[in-house]
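To keep things clear, I will list the structure first and then write my remarks on it.
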Amino acid sequence: MSGKCLFCSIINDDIPADIIAQTESALAFRDINPQASTHVLIIPKKHIASTRELNKGNIEYLSEMALLANKIAEEEGINNNGYRWVINTGDDGGQTVGHIHLHVIGGRQMHWPPG
Ligand code: 5GP
Ligand code: ZN
């Protein structure tokens, strides 16, 4: 937990979010600025700042996030057509919130390369 972390505030119910699913260690909620009809953020319920902080001691959180992402893809009806997972890291990666999060984006054709 980090005092001023936006996503820790969502975990602690200090600020509202459209939460759609959760497990003991992961939380899923809709992005406030969706880039497609499905745009869900999946976060660990423990403050991990970015992929750079992943290690053998906390990597289970990433597994939990991945499994929750698969469940959400099914529930959102985007599983068959496909979707995109994105994790941005640091300034060059475009990360704007310092609590690791997996974007699950789907419901339209994605393009490559990303901007
Ligand atoms: P990043 O750019 O760090 O990969 O992604 C951060 C994401 O968090 C952005 O897509 C942004 O729209 C979303 N976001 C920022 N603030 C809030 C918020 O208060 N609530 C929700 N639900 N999403 C947020
Ligand atoms: Zn946090």
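Letters for chains follow the order of the structure tokens (A, B, ...), residue numbers begin at 1 for each chain, and ligand numbers begin at 1 in the order shown.
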
Report as a ChimeraX atom specification which protein, DNA and RNA residues come within 6 Å of ligand 1, using only C-alpha atoms and all ligand atoms. /A:17,30-33,88,94-97

Residues of chain A at most 9 Å from ligand 2: nearest atom pair and distance in Å, only C-alpha atoms and all ligand atoms, as CSV:
```
residue,atom,partner,partner_atom_place_in_ligand_line,distance
A:Met1,CA,ligand 2,1 (Zn),5.3
A:Ser2,CA,ligand 2,1 (Zn),5.2
A:Gly3,CA,ligand 2,1 (Zn),7.9
A:Lys4,CA,ligand 2,1 (Zn),7.8
A:Cys5,CA,ligand 2,1 (Zn),4.5
A:Leu6,CA,ligand 2,1 (Zn),6.5
A:Phe7,CA,ligand 2,1 (Zn),5.1
A:Cys8,CA,ligand 2,1 (Zn),4.0
A:Ser9,CA,ligand 2,1 (Zn),7.4
A:Ile10,CA,ligand 2,1 (Zn),8.8
A:Ile11,CA,ligand 2,1 (Zn),8.3
A:Ile43,CA,ligand 2,1 (Zn),8.8
A:Pro44,CA,ligand 2,1 (Zn),8.5
A:Lys45,CA,ligand 2,1 (Zn),8.0
A:Lys46,CA,ligand 2,1 (Zn),6.8
A:His47,CA,ligand 2,1 (Zn),4.0
A:Ile48,CA,ligand 2,1 (Zn),6.4
A:Ala49,CA,ligand 2,1 (Zn),6.7
A:Val97,CA,ligand 2,1 (Zn),8.6
A:Gly98,CA,ligand 2,1 (Zn),6.8
A:His99,CA,ligand 2,1 (Zn),4.6
A:Ile100,CA,ligand 2,1 (Zn),7.8
```

Kindly export the residues of the current selection with C-alpha atoms, as a PDB file, in the first residue's frame.
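That gives us selection-v1.pdb:
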```pdb
ATOM      1  CA  MET A   1       0.000   0.000   0.000  1.00  0.00           C
ATOM      2  CA  SER A   2       1.202   3.465  -0.843  1.00  0.00           C
ATOM      3  CA  GLY A   3      -0.362   6.520   0.830  1.00  0.00           C
ATOM      4  CA  LYS A   4      -1.101   8.554  -2.262  1.00  0.00           C
ATOM      5  CA  CYS A   5      -1.585   5.770  -4.754  1.00  0.00           C
ATOM      6  CA  LEU A   6      -4.774   6.176  -6.786  1.00  0.00           C
ATOM      7  CA  PHE A   7      -5.312   2.465  -7.289  1.00  0.00           C
ATOM      8  CA  CYS A   8      -4.629   1.665  -3.630  1.00  0.00           C
ATOM      9  CA  SER A   9      -7.384   4.201  -2.888  1.00  0.00           C
ATOM     10  CA  ILE A  10      -9.726   2.199  -5.125  1.00  0.00           C
ATOM     11  CA  ILE A  11      -8.719  -1.028  -3.345  1.00  0.00           C
ATOM     12  CA  ILE A  43      -4.572  -4.701 -10.452  1.00  0.00           C
ATOM     13  CA  PRO A  44      -3.010  -6.610  -7.584  1.00  0.00           C
ATOM     14  CA  LYS A  45      -4.507  -5.849  -4.182  1.00  0.00           C
ATOM     15  CA  LYS A  46      -0.977  -5.176  -3.019  1.00  0.00           C
ATOM     16  CA  HIS A  47       0.985  -2.105  -4.024  1.00  0.00           C
ATOM     17  CA  ILE A  48       3.440  -3.137  -6.727  1.00  0.00           C
ATOM     18  CA  ALA A  49       4.581  -0.034  -8.584  1.00  0.00           C
ATOM     19  CA  VAL A  97      -0.486   5.419 -12.560  1.00  0.00           C
ATOM     20  CA  GLY A  98       2.261   3.990 -10.361  1.00  0.00           C
ATOM     21  CA  HIS A  99       0.513   0.755  -9.378  1.00  0.00           C
ATOM     22  CA  ILE A 100       0.961  -2.086 -11.839  1.00  0.00           C
TER      23      ILE A 100
END
```

Enumerate, as a PyMOL selection string, the complete set of residues in chain A that a backbone-based DSSP assignment places in strand (DSSP E). chain A and resi 19-22+26-30+38-44+83-86+102-106

Dump of N, CA, C and O atoms for the selected residues, as an mmCIF file, in the first residue's frame:
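So the final result, stored in result.cif, reads:
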```
data_model
loop_
_atom_site.group_PDB
_atom_site.id
_atom_site.type_symbol
_atom_site.label_atom_id
_atom_site.label_comp_id
_atom_site.auth_asym_id
_atom_site.auth_seq_id
_atom_site.Cartn_x
_atom_site.Cartn_y
_atom_site.Cartn_z
ATOM 1 N N ILE A 19 -16.217 -1.520 -10.248
ATOM 2 C CA ILE A 19 -15.566 -2.815 -10.024
ATOM 3 C C ILE A 19 -16.446 -3.912 -10.614
ATOM 4 O O ILE A 19 -17.647 -3.982 -10.319
ATOM 5 N N ILE A 20 -15.839 -4.765 -11.447
ATOM 6 C CA ILE A 20 -16.639 -5.816 -12.090
ATOM 7 C C ILE A 20 -16.289 -7.210 -11.610
ATOM 8 O O ILE A 20 -17.065 -8.135 -11.816
ATOM 9 N N ALA A 21 -15.137 -7.378 -10.992
ATOM 10 C CA ALA A 21 -14.760 -8.707 -10.491
ATOM 11 C C ALA A 21 -13.571 -8.564 -9.558
ATOM 12 O O ALA A 21 -12.833 -7.572 -9.609
ATOM 13 N N GLN A 22 -13.432 -9.552 -8.695
ATOM 14 C CA GLN A 22 -12.250 -9.568 -7.851
ATOM 15 C C GLN A 22 -12.000 -10.957 -7.309
ATOM 16 O O GLN A 22 -12.880 -11.816 -7.309
ATOM 17 N N ALA A 26 -6.643 -9.918 -6.467
ATOM 18 C CA ALA A 26 -6.700 -9.064 -7.662
ATOM 19 C C ALA A 26 -8.070 -8.406 -7.793
ATOM 20 O O ALA A 26 -9.081 -8.958 -7.350
ATOM 21 N N LEU A 27 -8.059 -7.216 -8.384
ATOM 22 C CA LEU A 27 -9.285 -6.427 -8.525
ATOM 23 C C LEU A 27 -9.409 -5.971 -9.978
ATOM 24 O O LEU A 27 -8.405 -5.579 -10.590
ATOM 25 N N ALA A 28 -10.626 -6.013 -10.524
ATOM 26 C CA ALA A 28 -10.869 -5.584 -11.900
ATOM 27 C C ALA A 28 -11.944 -4.509 -11.919
ATOM 28 O O ALA A 28 -13.005 -4.667 -11.316
ATOM 29 N N PHE A 29 -11.655 -3.423 -12.616
ATOM 30 C CA PHE A 29 -12.627 -2.330 -12.725
ATOM 31 C C PHE A 29 -12.495 -1.666 -14.090
ATOM 32 O O PHE A 29 -11.455 -1.769 -14.757
ATOM 33 N N ARG A 30 -13.542 -0.967 -14.502
ATOM 34 C CA ARG A 30 -13.542 -0.353 -15.830
ATOM 35 C C ARG A 30 -12.681 0.912 -15.839
ATOM 36 O O ARG A 30 -12.718 1.699 -14.891
ATOM 37 N N THR A 38 -14.857 -2.660 -24.411
ATOM 38 C CA THR A 38 -14.358 -3.265 -23.171
ATOM 39 C C THR A 38 -12.977 -2.697 -22.896
ATOM 40 O O THR A 38 -12.079 -2.787 -23.742
ATOM 41 N N HIS A 39 -12.818 -2.080 -21.755
ATOM 42 C CA HIS A 39 -11.503 -1.600 -21.315
ATOM 43 C C HIS A 39 -11.486 -1.715 -19.789
ATOM 44 O O HIS A 39 -12.028 -0.874 -19.075
ATOM 45 N N VAL A 40 -10.886 -2.803 -19.351
ATOM 46 C CA VAL A 40 -10.873 -3.135 -17.921
ATOM 47 C C VAL A 40 -9.432 -3.092 -17.425
ATOM 48 O O VAL A 40 -8.506 -3.486 -18.144
ATOM 49 N N LEU A 41 -9.257 -2.602 -16.218
ATOM 50 C CA LEU A 41 -7.947 -2.594 -15.571
ATOM 51 C C LEU A 41 -7.939 -3.658 -14.483
ATOM 52 O O LEU A 41 -8.891 -3.755 -13.703
ATOM 53 N N ILE A 42 -6.873 -4.434 -14.454
ATOM 54 C CA ILE A 42 -6.742 -5.475 -13.439
ATOM 55 C C ILE A 42 -5.498 -5.168 -12.626
ATOM 56 O O ILE A 42 -4.407 -4.964 -13.180
ATOM 57 N N ILE A 43 -5.683 -5.097 -11.331
ATOM 58 C CA ILE A 43 -4.572 -4.701 -10.452
ATOM 59 C C ILE A 43 -4.400 -5.709 -9.324
ATOM 60 O O ILE A 43 -5.366 -6.382 -8.923
ATOM 61 N N PRO A 44 -3.193 -5.815 -8.796
ATOM 62 C CA PRO A 44 -3.010 -6.610 -7.584
ATOM 63 C C PRO A 44 -3.515 -5.815 -6.375
ATOM 64 O O PRO A 44 -3.408 -4.582 -6.356
ATOM 65 N N TYR A 83 -8.631 -9.902 -28.178
ATOM 66 C CA TYR A 83 -8.537 -8.681 -27.367
ATOM 67 C C TYR A 83 -7.060 -8.407 -27.145
ATOM 68 O O TYR A 83 -6.200 -9.133 -27.663
ATOM 69 N N ARG A 84 -6.762 -7.381 -26.415
ATOM 70 C CA ARG A 84 -5.358 -7.045 -26.163
ATOM 71 C C ARG A 84 -5.101 -6.861 -24.676
ATOM 72 O O ARG A 84 -5.884 -6.226 -23.977
ATOM 73 N N TRP A 85 -3.957 -7.422 -24.236
ATOM 74 C CA TRP A 85 -3.446 -7.139 -22.896
ATOM 75 C C TRP A 85 -2.338 -6.101 -23.047
ATOM 76 O O TRP A 85 -1.495 -6.236 -23.943
ATOM 77 N N VAL A 86 -2.324 -5.132 -22.167
ATOM 78 C CA VAL A 86 -1.257 -4.125 -22.172
ATOM 79 C C VAL A 86 -0.832 -3.850 -20.740
ATOM 80 O O VAL A 86 -1.687 -3.666 -19.862
ATOM 81 N N LEU A 102 -2.915 -4.265 -15.519
ATOM 82 C CA LEU A 102 -3.074 -4.937 -16.811
ATOM 83 C C LEU A 102 -4.325 -4.376 -17.482
ATOM 84 O O LEU A 102 -5.424 -4.478 -16.928
ATOM 85 N N HIS A 103 -4.141 -3.771 -18.657
ATOM 86 C CA HIS A 103 -5.295 -3.327 -19.450
ATOM 87 C C HIS A 103 -5.813 -4.525 -20.239
ATOM 88 O O HIS A 103 -5.028 -5.219 -20.909
ATOM 89 N N VAL A 104 -7.100 -4.756 -20.196
ATOM 90 C CA VAL A 104 -7.754 -5.727 -21.081
ATOM 91 C C VAL A 104 -8.683 -4.922 -21.983
ATOM 92 O O VAL A 104 -9.658 -4.318 -21.503
ATOM 93 N N ILE A 105 -8.322 -4.875 -23.263
ATOM 94 C CA ILE A 105 -9.018 -3.986 -24.198
ATOM 95 C C ILE A 105 -9.570 -4.827 -25.343
ATOM 96 O O ILE A 105 -8.824 -5.596 -25.973
ATOM 97 N N GLY A 106 -10.856 -4.686 -25.621
ATOM 98 C CA GLY A 106 -11.441 -5.470 -26.696
ATOM 99 C C GLY A 106 -12.779 -4.923 -27.149
ATOM 100 O O GLY A 106 -13.298 -3.958 -26.591
#
```

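Interatomic distance, CA of Ile72 (chain A) to CA of Gln109 (chain A): 18.1 Å.
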
Identify all residues of chain A in alpha helix (DSSP H) (DSSP on the backbone) and supply them as a PyMOL selection string. chain A and resi 6-11+59-76+90-93

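The nearest approach to His101 (chain A) among the residues A:Met65, A:Ile78, A:Ala73, A:Leu54, with only C-alpha atoms taken into account, belongs to A:Met65.
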
Point out the residue among A:Ala36, A:Ile15, A:Ala69, A:Leu62 with the least atom-to-atom distance to Gly107 (chain A), counting only C-alpha atoms. A:Ala36

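Straight-line separation from CA of Asn80 (chain A) to CA of Met110 (chain A): 14.3 Å.
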
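One finds CA of Thr23 (chain A) at 7.7 Å from CA of Leu68 (chain A).
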